[in-house]
>>> print(open('run_36.txt').read())   # compact mmCIF, C-alpha atoms
# COMPACT_ATOMS: atom_id res chain seq x y z
CA MET W 11 87.11 46.86 95.29
CA SER W 12 89.51 46.12 98.08
CA LEU W 13 91.09 48.81 100.21
CA PHE W 14 94.56 48.16 98.82
CA THR W 15 93.65 48.78 95.17
CA GLU W 16 91.57 51.76 96.22
CA ILE W 17 94.56 53.34 97.97
CA ILE W 18 96.81 52.67 94.98
CA LEU W 19 94.32 54.14 92.51
CA SER W 20 93.72 57.17 94.75
CA ALA W 21 97.45 57.84 95.07
CA LEU W 22 97.94 57.54 91.31
CA LEU W 23 95.00 59.87 90.71
CA LEU W 24 96.39 62.48 93.10
CA VAL W 25 99.82 62.27 91.47
CA ALA W 26 98.25 62.61 88.02
CA SER W 27 96.22 65.69 88.91
CA PHE W 28 99.29 67.16 90.62
CA PHE W 29 101.26 66.75 87.40
CA ALA W 30 98.50 68.39 85.37
CA LEU W 31 98.47 71.30 87.82
CA VAL W 32 102.27 71.59 87.59
CA GLY W 33 101.97 71.84 83.81
CA SER W 34 99.50 74.70 84.03
CA ILE W 35 101.52 76.51 86.72
CA GLY W 36 104.56 76.26 84.46
CA LEU W 37 102.46 77.64 81.61
CA VAL W 38 101.61 80.70 83.71
CA LYS W 39 104.80 81.30 85.67
CA LEU W 40 107.68 80.73 83.25
CA SER W 41 109.14 83.75 81.52
CA ASP W 42 109.77 82.95 77.85
CA PHE W 43 107.61 81.15 75.30
CA PHE W 44 110.22 78.49 74.66
CA LYS W 45 110.40 77.85 78.40
CA ARG W 46 106.62 77.82 78.66
CA LEU W 47 106.44 75.24 75.88
CA HIS W 48 108.08 72.61 78.08
CA ALA W 49 105.58 72.53 80.94
CA PRO W 50 102.23 71.63 79.31
CA THR W 51 103.64 69.33 76.65
CA LYS W 52 105.41 67.07 79.13
CA ALA W 53 103.84 67.34 82.58
CA THR W 54 100.24 67.61 81.46
CA THR W 55 100.60 64.72 79.02
CA MET W 56 101.92 62.50 81.79
CA GLY W 57 99.12 63.58 84.13
CA VAL W 58 96.38 62.82 81.62
CA GLY W 59 98.02 59.50 80.75
CA SER W 60 98.01 58.49 84.42
CA ILE W 61 94.36 59.53 84.76
CA LEU W 62 93.49 57.31 81.78
CA VAL W 63 95.33 54.34 83.31
CA VAL W 64 93.41 54.88 86.57
CA SER W 65 90.19 55.05 84.59
CA VAL W 66 90.86 51.69 82.92
CA PHE W 67 91.42 49.93 86.25
CA TYR W 68 88.55 51.76 87.95
CA HIS W 69 86.06 50.69 85.31
CA ALA W 70 87.50 47.16 85.40
CA LEU W 71 87.09 46.94 89.17
CA VAL W 72 83.75 48.73 89.55
CA GLY W 73 81.81 47.85 86.44
CA ASN W 74 83.45 44.43 85.98
CA THR W 75 84.08 45.24 82.33
CA PHE W 76 87.73 45.44 81.37
CA HIS W 77 88.07 47.81 78.42
CA PRO W 78 91.68 48.73 77.71
CA ARG W 79 90.56 50.97 74.87
CA GLU W 80 91.11 54.09 76.99
CA ILE W 81 94.81 53.43 76.67
CA LEU W 82 94.17 54.48 73.06
CA ILE W 83 93.69 58.12 74.10
CA SER W 84 96.87 57.94 76.16
CA VAL W 85 98.89 56.51 73.27
CA PHE W 86 97.40 59.12 70.93
CA LEU W 87 98.36 61.95 73.30
CA VAL W 88 101.88 60.59 73.74
CA ILE W 89 102.30 60.42 69.96
CA THR W 90 100.79 63.81 69.14
CA ALA W 91 102.15 66.00 71.97
CA PRO W 92 105.73 66.24 70.60
CA ILE W 93 104.40 66.89 67.09
CA SER W 94 102.19 69.77 68.19
CA ALA W 95 105.00 71.14 70.38
CA HIS W 96 107.33 71.02 67.38
CA MET W 97 104.80 72.86 65.22
CA MET W 98 104.26 75.56 67.85
CA ALA W 99 108.03 75.99 68.30
CA LYS W 100 108.43 76.40 64.53
CA ALA W 101 105.65 79.01 64.44
CA ALA W 102 107.13 80.98 67.34
CA LEU W 103 110.60 80.78 65.81
CA SER W 104 109.35 82.14 62.48
CA LEU W 105 107.63 85.04 64.26
CA ARG W 106 110.78 85.78 66.22
CA LEU W 107 112.98 85.60 63.12
CA LYS W 108 110.73 88.06 61.31
CA LYS W 109 111.24 90.56 64.11
CA ARG W 110 115.03 90.23 64.12
CA PRO W 111 116.84 93.36 62.88
CA GLN W 112 118.49 93.11 59.50
CA CYS W 113 122.20 92.95 59.04
CA PRO W 114 123.73 96.40 58.54
CA THR W 115 124.22 97.09 54.85
CA ASP W 116 127.71 97.52 53.59
CA GLU W 117 128.07 101.31 53.30
CA THR W 118 131.80 101.41 52.62
CA PRO W 119 132.60 101.04 48.93
CA ASP W 120 134.64 98.21 47.57
CA PRO W 121 138.39 98.85 47.93
CA ASN W 122 139.05 97.81 44.32
CA GLU W 123 136.48 100.33 43.04
CA ASP W 124 138.04 102.87 45.40
CA ASP W 125 141.44 102.41 43.83
CA ALA W 126 140.01 102.66 40.33
CA SER W 127 138.00 105.82 41.00
CA GLN W 128 140.79 107.64 42.79
CA PRO W 129 142.70 110.14 40.69
CA GLN W 130 146.20 108.93 40.06
CA PRO W 131 148.60 111.67 41.18
CA ASP W 132 151.60 110.15 39.43
CA SER W 133 149.88 109.60 36.09
CA ASP W 134 150.83 112.90 34.41
CA LEU W 135 154.47 112.83 35.43
CA MET J 20 87.24 56.99 99.52
CA ILE J 21 88.03 57.02 95.83
CA ALA J 22 84.91 59.06 95.08
CA THR J 23 86.31 61.84 97.29
CA VAL J 24 89.68 61.59 95.56
CA ILE J 25 87.97 61.85 92.17
CA LEU J 26 86.21 65.01 93.34
CA ILE J 27 89.51 66.48 94.58
CA SER J 28 91.16 65.63 91.26
CA MET J 29 88.32 67.30 89.36
CA HIS J 30 88.85 70.46 91.40
CA VAL J 31 92.61 70.37 90.76
CA ILE J 32 92.09 69.89 87.01
CA GLY J 33 89.61 72.77 87.09
CA LEU J 34 92.26 74.95 88.72
CA ALA J 35 94.72 73.92 86.01
CA MET J 36 92.14 74.88 83.37
CA LEU J 37 91.70 78.27 85.01
CA LEU J 38 95.47 78.86 84.90
CA ALA J 39 95.52 77.90 81.21
CA LEU J 40 92.56 80.26 80.62
CA TYR J 41 94.57 83.05 82.25
CA ARG J 42 97.42 82.41 79.80
CA LEU J 43 94.91 82.24 76.92
CA LEU J 44 93.46 85.65 77.76
CA ARG J 45 96.68 87.33 78.83
CA GLY J 46 99.33 85.73 76.65
CA PRO J 47 101.63 88.22 74.97
CA GLY J 48 102.03 86.36 71.68
CA VAL J 49 99.75 84.40 69.41
CA THR J 50 101.77 81.21 69.99
CA ASP J 51 101.14 81.51 73.73
CA ARG J 52 97.44 81.46 73.01
CA ILE J 53 97.81 78.38 70.80
CA LEU J 54 99.73 76.64 73.58
CA ALA J 55 97.08 77.61 76.12
CA LEU J 56 94.35 76.21 73.85
CA ASP J 57 96.29 72.95 73.54
CA THR J 58 96.61 72.73 77.32
CA LEU J 59 92.91 73.44 77.73
CA ASN J 60 92.14 70.59 75.30
CA ILE J 61 94.27 68.11 77.22
CA ASN J 62 92.80 69.21 80.55
CA ALA J 63 89.30 68.89 79.11
CA ILE J 64 90.09 65.26 78.21
CA ALA J 65 91.21 64.64 81.80
CA LEU J 66 88.06 66.28 83.18
CA LEU J 67 85.81 64.20 80.91
CA ILE J 68 87.52 60.97 81.98
CA LEU J 69 87.20 61.96 85.64
CA ASP J 70 83.53 62.76 85.10
CA GLY J 71 83.02 59.35 83.53
CA MET J 72 84.67 57.74 86.55
CA TYR J 73 82.54 59.78 88.94
CA LEU J 74 79.29 58.86 87.21
CA LYS J 75 80.47 55.25 86.64
CA SER J 76 79.60 55.52 82.96
CA GLU J 77 81.73 54.70 79.93
CA ILE J 78 80.07 56.86 77.33
CA TYR J 79 82.52 59.69 77.93
CA PHE J 80 85.33 57.74 76.30
CA GLU J 81 84.23 58.55 72.75
CA ALA J 82 83.87 62.25 73.57
CA ALA J 83 87.37 62.30 75.05
CA LEU J 84 88.79 60.55 71.98
CA VAL J 85 87.10 63.03 69.63
CA ILE J 86 88.38 65.97 71.69
CA ALA J 87 91.91 64.54 71.58
CA MET J 88 91.90 64.14 67.80
CA LEU J 89 90.25 67.49 67.04
CA GLY J 90 92.51 69.25 69.52
CA PHE J 91 95.62 67.91 67.81
CA VAL J 92 94.32 68.89 64.37
CA GLY J 93 93.38 72.34 65.64
CA THR J 94 96.81 72.94 67.15
CA VAL J 95 98.59 71.87 63.97
CA VAL J 96 96.31 74.00 61.77
CA LEU J 97 96.74 77.10 63.94
CA SER J 98 100.52 76.67 63.98
CA LYS J 99 100.54 76.20 60.20
CA TYR J 100 98.51 79.37 59.82
CA VAL J 101 100.96 81.35 61.93
CA LEU J 102 103.88 79.81 60.04
CA ARG J 103 102.74 80.22 56.44
CA ARG J 104 99.53 82.31 56.51
CA ASP J 105 98.13 79.46 54.45
CA ILE J 106 96.55 76.24 55.67
CA VAL J 107 96.04 74.23 52.49
CA GLU J 108 99.37 73.57 50.83
>>> encode(input="run_36.txt", output="structure tokens")
Amino acid sequence: MSLFTEIILSALLLVASFFALVGSIGLVKLSDFFKRLHAPTKATTMGVGSILVVSVFYHALVGNTFHPREILISVFLVITAPISAHMMAKAALSLRLKKRPQCPTDETPDPNEDDASQPQPDSDL
Amino acid sequence: MIATVILISMHVIGLAMLLALYRLLRGPGVTDRILALDTLNINAIALLILDGMYLKSEIYFEAALVIAMLGFVGTVVLSKYVLRRDIVE
């Protein structure tokens, strides 16, 4: 493996692990669940995808066997990450909607019933 | 040189897994824990691929693929359970 490809693969690997670390830092540091949902589902997916691309070229250059099948994991992650994020958002939303206070019930009686039940002062005149 | 970079990347991914483990143990809600488990799955895939690169072996690909598929199914099943309290519909 020449020095040039080694430098390129090393830089891509460092960027990928940096993105994975950013995803986990966002998972810990952000304040709300719906904010925390963004970090791992986007940054970590990109980091792992870059690591898989590096792995394909590394095995092609070191072992002299080019197997692009590891792209399969990357494609699978890219397809399934938004689906799982959507499912988790739906679950969190249902939990939050269960905790929401109910609408105040209508205590005041209906004005039409009120008129009917009131004694009519002019009726016996 | 790239062997050193692979070692550094493995340490960084390990740090990311520790942060996700903190959220898994600490997380205030059940959905936070599901999200932390999903992140741990994806980071475990990255660590397996890096280990395969470090040992120059290709047998870790199948393990990573299985972890990816089972991790997705696990996340969907846990979210469904929180949503409906019922997995089989």
>>> residues_near_point(input="run_36.txt", point="(86.0, 58.2, 97.7)", cutoff="12 Å", atoms="only C-alpha atoms", output="list in words")
Met11, Leu13, Glu16, Ile17, Leu19, Ser20, Ala21, Leu23 and Tyr68 of chain W; Met20, Ile21, Ala22, Thr23, Val24, Ile25, Leu26, Ile27, Ser28, Met72 and Tyr73 of chain J
>>> residues_near_point(input="run_36.txt", point="(83.5, 53.0, 79.5)", cutoff="12 Å", atoms="all atoms listed in the file", output="PyMOL selection string")
(chain W and resi 62+65-81) or (chain J and resi 67-84)
>>> closest_residue(input="run_36.txt", among="W:Ser34, W:Ser41, W:Ala49, W:Val64", to="chain J", atoms="all atoms listed in the file")
W:Ser34
>>> atom_distance(input="run_36.txt", atom1="atom CA of Ala95 of chain W", atom2="atom CA of Ala39 of chain J")
15.9 Å
>>> atom_distance(input="run_36.txt", atom1="atom CA of Ile32 of chain J", atom2="atom CA of Lys100 of chain W")
28.5 Å
>>> decode(input="run_36.txt", residues="segment 80-97 of chain W", atoms="N, CA and C atoms", output="short mmCIF file (atom, residue, chain, number, x, y, z; two decimals), in the first residue's frame")
data_model
loop_
_atom_site.label_atom_id
_atom_site.label_comp_id
_atom_site.auth_asym_id
_atom_site.auth_seq_id
_atom_site.Cartn_x
_atom_site.Cartn_y
_atom_site.Cartn_z
N GLU W 80 -19.07 -5.44 2.05
CA GLU W 80 -19.23 -4.71 3.31
C GLU W 80 -20.02 -3.43 3.11
N ILE W 81 -20.14 -3.02 1.85
CA ILE W 81 -21.05 -1.89 1.57
C ILE W 81 -22.48 -2.28 1.94
N LEU W 82 -22.75 -3.60 1.95
CA LEU W 82 -24.08 -4.09 2.27
C LEU W 82 -24.52 -3.65 3.67
N ILE W 83 -23.59 -3.73 4.64
CA ILE W 83 -23.92 -3.28 6.00
C ILE W 83 -24.22 -1.79 5.99
N SER W 84 -23.42 -1.05 5.23
CA SER W 84 -23.59 0.40 5.17
C SER W 84 -24.96 0.76 4.59
N VAL W 85 -25.31 0.09 3.49
CA VAL W 85 -26.61 0.34 2.86
C VAL W 85 -27.74 -0.04 3.81
N PHE W 86 -27.57 -1.17 4.50
CA PHE W 86 -28.58 -1.62 5.46
C PHE W 86 -28.76 -0.61 6.59
N LEU W 87 -27.64 -0.07 7.10
CA LEU W 87 -27.74 0.92 8.17
C LEU W 87 -28.41 2.19 7.68
N VAL W 88 -28.06 2.62 6.46
CA VAL W 88 -28.65 3.85 5.93
C VAL W 88 -30.15 3.68 5.72
N ILE W 89 -30.57 2.45 5.34
CA ILE W 89 -32.01 2.22 5.15
C ILE W 89 -32.73 2.15 6.50
N THR W 90 -32.14 1.45 7.48
CA THR W 90 -32.88 1.16 8.69
C THR W 90 -32.78 2.26 9.75
N ALA W 91 -31.79 3.14 9.69
CA ALA W 91 -31.67 4.16 10.75
C ALA W 91 -32.86 5.12 10.79
N PRO W 92 -33.38 5.64 9.65
CA PRO W 92 -34.56 6.50 9.76
C PRO W 92 -35.80 5.76 10.22
N ILE W 93 -35.91 4.46 9.88
CA ILE W 93 -37.09 3.71 10.30
C ILE W 93 -37.08 3.54 11.81
N SER W 94 -35.92 3.15 12.37
CA SER W 94 -35.88 2.95 13.82
C SER W 94 -36.03 4.29 14.54
N ALA W 95 -35.49 5.37 13.96
CA ALA W 95 -35.67 6.68 14.59
C ALA W 95 -37.14 7.08 14.59
N HIS W 96 -37.83 6.77 13.49
CA HIS W 96 -39.26 7.08 13.41
C HIS W 96 -40.05 6.29 14.45
N MET W 97 -39.69 5.00 14.61
CA MET W 97 -40.40 4.19 15.60
C MET W 97 -40.16 4.70 17.02
#
